[in-house]
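These notes are about the structure you will find just below.
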Amino acid sequence: MHILYVACNSNVNLYREDGSFIYRCENVGLALLELGLTIEFCHLKDLSSTKKVSVMIFHRPKFSLRLISLIYFFKLRGVRIWADFDDLIFDPDYTAFSPAILNRLKPYDNIYSLYKSHKKALFLVDKVFFSTQALVEHFNKIFPDKECIWLPNAVHINWLSQPKDMSSSYLASSDPVITYLPGSRSHDRDFEVFLAPLQDFLADFKYVKLQITGPLAIKVTMPATQLIHKDRVNFADYHNEVKQAWVNLAPLEDTPFTRCKSALKVIEGAYWGKPTICSKLPDAERLNDRGAIIVSDTVDVYAYLKKFLDEGFYHHYCQQLREKILEVADIRVIASTVVKLIDGSA
């Protein structure tokens, strides 16, 4: 059984560095490889209609004549055509809630056309995987007769062989570091949700530091000695940034777009034994007591940060977080679900 994951993003040379592709395609694909399937990754621009394959999974496909013709030829040979989405980017009626629009990064018409293209592409596929149940529910309203499956995000398979790093655990004698890890330029408004209580906390506890890894245009008011701002890192080094946390932050502006997002930051932090203070998010609710500290207002942000300064409380909360998160976010378990779908037993 040969599975082909096809990237559809704009840059043919950088698709293997895209965080979404890494988690939605590479992670699942490598786990399927362990289960005995043969796996291949490619970009749509490099895909030949003569490729021998059993199942094709298009990552965020966009409508085009090339996509239509390729799918037509593959379907003639009995190839199953599936797609995978991890954001609300297939409903043009929700264009106004795109982070690219809200953060003024791209023109409205460009994003509207992109979302419309994603929606048209979904008419061409047989089945769709979604990263959250909220996306499944939204999709079902648009395509009530098309099959879709919730395939949640999980700890990356390359992390599973790495031991716990006890040296990164918070100790009373060390300097606690709050981490924020934006993966793209579209999170300025998200960060603003926690900004006021975060600045108040750092002003009251001057030995605590804030480390931002990734692009962020928001100015944070605090002494330079408390702020560390680093460039985005490659995924191969990303786990080292997560491990440096005392407490991780995952703020989100409340919009229809963000309500459909995966609580991946919670999963990443919990695997390394780190709690994540996050905005109220449907996908995070299933991770209560597994690393997700869901706050409903800014007062709670300050209160939880202060609570975690108590070493006893901190260690009690963080105990067995890795084991707890793997109970619901083990990629090998998720890959076994994909195998059942391929075999027709699920």
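Convention: chains lettered A, B, ... in structure tokens order; per-chain residue numbering from 1; ligands numbered from 1 as shown.
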Go through segment 31-262 of chain A and collect every residue that DSSP, computed from the backbone, puts in helix (DSSP H, G or I); the answer should be as a PyMOL selection string. chain A and resi 31-34+44-46+65-76+92-97+99-102+108-122+133-142+157-159+166-168+188-204+224-226+235-243+256-259
Taking only residues of segment 205-289 of chain A that have an atom at most 8 Å from an atom of segment 123-134 of chain A, what is each one's shortest atom pair and its distance in Å to one decimal, using only C-alpha atoms, in chain and number order, as a tab-separated table?
```
residue	atom	partner	partner_atom	distance
A:Arg259	CA	A:Ala134	CA	7.2
A:Cys260	CA	A:Ala134	CA	5.1
A:Lys261	CA	A:Thr132	CA	6.8
A:Ser262	CA	A:Thr132	CA	5.9
A:Pro282	CA	A:Ala134	CA	7.3
A:Asp283	CA	A:Thr132	CA	6.4
```
Counting only C-alpha atoms, the residue among A:Leu30, A:Ile267, A:Ile342, A:Leu35 that lies closest to Pro152 of chain A is A:Ile267
Quiz item: Using only C-alpha atoms, which residues sit within 6 Å of segment 313-324 of chain A once same-chain residues fewer than 5 positions away are excluded, as a VMD selection string?
Solution: chain A and resid 270 to 271 273 290 308
Tell me, as a list of chain:residue names, which residues lie within 8 Å of Ile39 of chain A, counting only C-alpha atoms; anything in the same chain fewer than 3 positions away does not count.
A:His2, A:Ile3, A:Leu4, A:Tyr5, A:Gly29, A:Leu30, A:Leu32, A:Leu33
* Which of A:Pro251, A:Pro144, A:Pro107, A:Pro99 sits closest to Leu198 of chain A [using only C-alpha atoms] ->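 Using only C-alpha atoms, the shortest distance to Leu198 of chain A belongs to A:Pro251.
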